[in-house]
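This report refers to the structure that appears directly beneath it.
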Amino acid sequence: MEKKYNFKAIEEKWQKKWEQDDLYHVCEDSEKPKYYVLEMFPYPSGNLHMGHVRNYSIGDVVARFKTMNGYNVLHPMGWDSFGLPAENAAIKRGVEPAKWTKENIANMRRQLHSMGLSYDWDREVTTCLPDYYKWTQWLFIQLFNKGLAYKKKAAVNFCPSCATVLANEQVVDGGCERCGTLVEKKDLEQWFFKTTDYAQRLLDDLEKLPGWPDKVKTMQENWIGRSEGMEVIFHTEQGDEMPIFTTRVDTIFGVTYMVLAPEHPLVEKLTKGTVYEKDVAAFVNKVKNMSQIDRTATDLEKEGLFIGAYAINPVNGKKVPIWITNYVLMEYGTGAVMGVPAHDSRDFDFAAKFNLPVIEVITPEKGVGHETLTEVYEEDGYLINSGEFDCMANRPEGMAAIMDFIEEKNMGKRVVNYRLRDWLISRQRYWGAPIPIVYCPKCGAVPVPEDQLPVLLPTDVEFKSTGESPLTTSPTFGETVCPHCGEKAKREMDTMDTFVCSSWYYLRYCDPLNKEQAFDKKKADYWMNVDQYIGGVEHAILHLMYARFFTKVLYDMGLVSVEEPFANLLTQGMVLKEGSKMSKSKGNVVSPEAIIDKFGADTARLFILFAAPPERDLEWNDSAVEGCYRFLNRVYRLINDEADKDLIANAQALDSTALTKADKTVRRAVHSAIKRVTEDISDRFNFNTAISAIMEMVNAIYAYKNEAAINGAVLKEAKETLVILLAPFAPHMAEELWQELGYMTSVHKESWRTFDPDALVLEEVEIAIQINGKVKDRMLVAADLTADDLLDLVQGHEKFTEWTGGKTVVKIVPIPKKLVNIVVK
RNA sequence: GCGGGAGUGGCGAAAUUGGCAGACGCACCAGACUUAGGAUCUGGCGGGCAACCGUAAGGGUUCAAGUCCCUUCUCCCGCACCA
């Protein structure tokens, strides 16, 4: 009776055994090269989805492959477990966030176990547990002490009806998601990290990351948004300084008006007590209450209002009106802009709408201006109407000359501006790491001393549907004493953005149980940086930028020795069904648990790796999953074939000088599979082609078994190689079959095989005979023929005139092992 | 609008350095075994009767183009008035 592939029994058996043997536990080991492979840790929403399965399958192949190649591999897993969903569950279902999160983690951990992943679970990290967030708080204090954490007023979304702060995601069409009331902007004191201090380094060091996709680097580059320009100080008629930022100072003689952001402090000052005051205030109010999204939408109608004041252009003393508009942002530059309608399309539209004058200062032809400019001119050319700078090329000479002029006269200076803003980390929420700050009436904002950490989240809180932070409902949390002077003091009520927790977890994995420090530097030095980071592209900007920022800050403090956390980054594509992302609302979700139950984890893993290369989106296909299941069955039957047992048991050492043609053919398949799988995993992460190489090898072994004479040594080599190559992809099946082949040790501790180049050598190859690039014939020739040999062979061939059809031969191009192209006329 | 990526059989895809397009798999078709087949095995499978034609469309370079260059189109992702 043939053995049946009982995946359930096999997978459970080996998962249990691996756990008992602590097979995936690692320590620092100076004898071996280290390799740190990391998948982005999940938010414990309750259930694994296919995106997770894909992410962890990829990571697991890399981890197992590197282990088999002699590396000491760190492959950890944990939980990004603070965040809003837990709090919402508390409000909706009355279950405490801690309990809800814990149960979700338990369930997802069980699901991860059922996938047979090679994690060192002794290093599990959970960001919502005090032994982790203690160090998140400690890190906050380090940043605070370095002046990198500071407080300032910032606008938040506020629902006046619910009297609560809303996250951006809770604002729907400008209204509160709960009650629909129009959301207002409210200024609150909030904590920030000074990411802007690191803008230039975050930008420059992208060049040190050749192992990152260009796409991600470009996204980060754009997000940092460096631009070089000038800050020029205009003055109002009344003498107030009004600095502006421009990248086009070459057009400064063309200024015909100025624009301020509605929030600009000068707006109120300049209009107070004038006839413009009321209208301006109304305009400002209207713009302020627009959501950030609406406000920055490109199709937003440009609105503007003259505020009754004038500014003086420092370069020519010209008096120009000051306006306010909805498209100038207070957060970028200085919140004030010069309007040059002739050479900026936005300014051109604005001037046209409000009938403002246009002065041409750049022309395509030297010294020749237009009577009137009917359309914006944004190209380069020659300066005109620009005083002493006339007739210069606007760039680069004109630009440089005007910059020098302005700096000489102290009217402004060259500056670099970034779009990157400081990172707002305050959340008016409960389920996050409390910000470890105490407000003392005497001493001000005082960090909680290290020996008093962690600042624990209180449990005596209420979860109300009004949306106010539950932390504020605790009768015990807020009141404390000042660590400095011992007087009564109040605790900070805000918690940290969960992105703070996930900005350093890769370091905690290096030393997860440390009670004395966030991590031991020696251990971090051993493991860091992460050799391969794998995750969804949706984290391309925020998470990856914050993690890079943290690493740089810690580097500057001497706590780590690397300046970049992730040497190589793989961004995986989405898992789709019927062309769109799996989602509950679309009802096209395929549950990993159901698939594992029906076909086993090995099949699920194999399919998800085989169906597409990892960066590309992957279309789920039920029958293709069955195909992978059939393939594993085929492998199972092949290795278990009773007929081969004696042959393999009695096999002599492989004698490569005494092989039949069939022996050589199957060995070629085996060794080229080793070559291809090795290269596909290590150089390209193309697991799909690696798997197809294994499939071809299986086909070749089956073909070999039909031969009259089978060499036991060759068959043994083939079967063992197959199991080893399959081990990273289908770990349970490989382990089972390795045992079936008579081994008592784990296949996952086995050494990866190297291919024998001699086994790849072909004696004969089929080449194509082309006429003018079209294949006319094929012939079998010795593989070692040189180009000259080929030329002779073809020219002297009996079919030569048949091929050429009697036409004139212009030339013959022989390509060894490939083809011969005969060019005729 | 700007930036990035993609477009190859009925489908997922492969072609790694310019060298025989479609490996591998799914679906489908035929056959074998079988009481039976949604198991397994064997064979076929881009289009066309053929000469030939085929990698989004058009042009170019080359002995040779899916691959290089130019033009255009479509789709996906990111950013979105950044002065």
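By convention in this document, the chains of the structure tokens carry letters A, B, ... by their order, each chain's residues are numbered from 1, and ligands are numbered from 1 in the order they are shown.
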Next item on the list: Compile the residues of chain A that lie within 6 Å of chain B, evaluated using only C-alpha atoms (C1' of nucleotides), and express the compilation as a PyMOL selection string.
Entry: chain A and resi 215+246+298+327+337+611+624+692+768+773
Check: What residues in stretch 655-796 of chain A get the DSSP label alpha helix (DSSP H)? Please answer as a PyMOL selection string.
Finding: chain A and resi 661-679+687-705+712-726+731-740+757-760+787-795
Keeping only C-alpha atoms, write those residues as an mmCIF file, in the first residue's frame.
data_model
loop_
_atom_site.group_PDB
_atom_site.id
_atom_site.type_symbol
_atom_site.label_atom_id
_atom_site.label_comp_id
_atom_site.auth_asym_id
_atom_site.auth_seq_id
_atom_site.Cartn_x
_atom_site.Cartn_y
_atom_site.Cartn_z
ATOM 1 C CA LYS A 661 23.902 8.897 -21.036
ATOM 2 C CA ALA A 662 20.741 8.756 -18.915
ATOM 3 C CA ASP A 663 22.792 9.080 -15.736
ATOM 4 C CA LYS A 664 24.423 12.164 -17.145
ATOM 5 C CA THR A 665 21.124 13.625 -18.241
ATOM 6 C CA VAL A 666 19.556 13.355 -14.825
ATOM 7 C CA ARG A 667 22.709 14.607 -13.110
ATOM 8 C CA ARG A 668 22.703 17.597 -15.399
ATOM 9 C CA ALA A 669 19.128 18.327 -14.338
ATOM 10 C CA VAL A 670 20.044 17.908 -10.671
ATOM 11 C CA HIS A 671 23.094 20.117 -10.773
ATOM 12 C CA SER A 672 21.561 22.790 -12.914
ATOM 13 C CA ALA A 673 18.684 22.864 -10.417
ATOM 14 C CA ILE A 674 21.198 23.438 -7.619
ATOM 15 C CA LYS A 675 22.735 26.232 -9.621
ATOM 16 C CA ARG A 676 19.489 27.884 -10.538
ATOM 17 C CA VAL A 677 17.850 27.593 -7.128
ATOM 18 C CA THR A 678 20.958 28.929 -5.412
ATOM 19 C CA GLU A 679 21.239 31.891 -7.733
ATOM 20 C CA PHE A 687 11.495 32.177 -5.812
ATOM 21 C CA ASN A 688 9.076 31.467 -8.645
ATOM 22 C CA THR A 689 11.842 30.459 -11.010
ATOM 23 C CA ALA A 690 13.671 28.616 -8.243
ATOM 24 C CA ILE A 691 10.576 26.490 -7.729
ATOM 25 C CA SER A 692 10.140 25.854 -11.428
ATOM 26 C CA ALA A 693 13.752 24.648 -11.515
ATOM 27 C CA ILE A 694 12.878 22.152 -8.788
ATOM 28 C CA MET A 695 9.825 21.052 -10.773
ATOM 29 C CA GLU A 696 11.939 20.450 -13.842
ATOM 30 C CA MET A 697 14.310 18.439 -11.740
ATOM 31 C CA VAL A 698 11.463 16.302 -10.430
ATOM 32 C CA ASN A 699 10.279 15.699 -13.986
ATOM 33 C CA ALA A 700 13.799 14.649 -14.922
ATOM 34 C CA ILE A 701 14.083 12.222 -11.998
ATOM 35 C CA TYR A 702 10.766 10.618 -12.924
ATOM 36 C CA ALA A 703 11.994 10.241 -16.488
ATOM 37 C CA TYR A 704 15.191 8.683 -15.207
ATOM 38 C CA LYS A 705 13.285 6.119 -13.175
ATOM 39 C CA GLY A 712 21.757 3.776 -7.283
ATOM 40 C CA ALA A 713 24.358 6.400 -6.490
ATOM 41 C CA VAL A 714 22.921 8.780 -9.072
ATOM 42 C CA LEU A 715 19.397 8.238 -7.810
ATOM 43 C CA LYS A 716 20.479 8.779 -4.228
ATOM 44 C CA GLU A 717 22.231 12.011 -5.122
ATOM 45 C CA ALA A 718 19.162 13.158 -7.040
ATOM 46 C CA LYS A 719 16.704 12.400 -4.259
ATOM 47 C CA GLU A 720 18.813 13.929 -1.515
ATOM 48 C CA THR A 721 19.435 17.022 -3.536
ATOM 49 C CA LEU A 722 15.743 17.371 -4.226
ATOM 50 C CA VAL A 723 14.892 17.258 -0.537
ATOM 51 C CA ILE A 724 17.571 19.783 0.328
ATOM 52 C CA LEU A 725 16.561 22.213 -2.403
ATOM 53 C CA LEU A 726 12.950 21.946 -1.310
ATOM 54 C CA PRO A 731 10.089 22.733 5.327
ATOM 55 C CA HIS A 732 7.767 20.091 6.774
ATOM 56 C CA MET A 733 7.717 17.904 3.705
ATOM 57 C CA ALA A 734 11.486 18.176 3.332
ATOM 58 C CA GLU A 735 12.023 17.205 6.947
ATOM 59 C CA GLU A 736 9.717 14.214 6.606
ATOM 60 C CA LEU A 737 11.399 13.041 3.428
ATOM 61 C CA TRP A 738 14.865 13.579 4.811
ATOM 62 C CA GLN A 739 13.968 11.155 7.540
ATOM 63 C CA GLU A 740 12.494 8.849 4.940
ATOM 64 C CA PRO A 757 30.282 22.220 -12.994
ATOM 65 C CA ASP A 758 31.393 19.016 -14.736
ATOM 66 C CA ALA A 759 27.899 17.615 -14.394
ATOM 67 C CA LEU A 760 26.526 20.613 -16.282
ATOM 68 C CA ALA A 787 32.921 30.110 -33.964
ATOM 69 C CA ASP A 788 35.446 29.181 -36.652
ATOM 70 C CA ASP A 789 34.553 25.503 -36.377
ATOM 71 C CA LEU A 790 30.905 26.394 -36.795
ATOM 72 C CA LEU A 791 31.658 28.525 -39.799
ATOM 73 C CA ASP A 792 33.534 25.679 -41.485
ATOM 74 C CA LEU A 793 30.846 23.198 -40.567
ATOM 75 C CA VAL A 794 28.045 25.286 -42.022
ATOM 76 C CA GLN A 795 29.873 26.296 -45.177
#
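We find atom CA of A:Leu456 and atom CA of A:Met77 to be spaced 24.1 Å apart.
Note that atom CA of A:Thr67 and atom CA of A:Ser30 are 14.9 Å apart.
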Next item on the list: Can you pull out every residue within 8 Å of stretch 86-101 of chain A, counting only C-alpha atoms (C1' of nucleotides), but drop anything in the same chain fewer than 4 positions away, and send it as number ranges by chain?
Entry: A: 44-45, 81-82, 105, 430-431, 463-465
Margin query: What's the separation between atom CA of A:Ala708 and atom CA of A:Leu780, in Å to one decimal place?
Written below: 24.9 Å
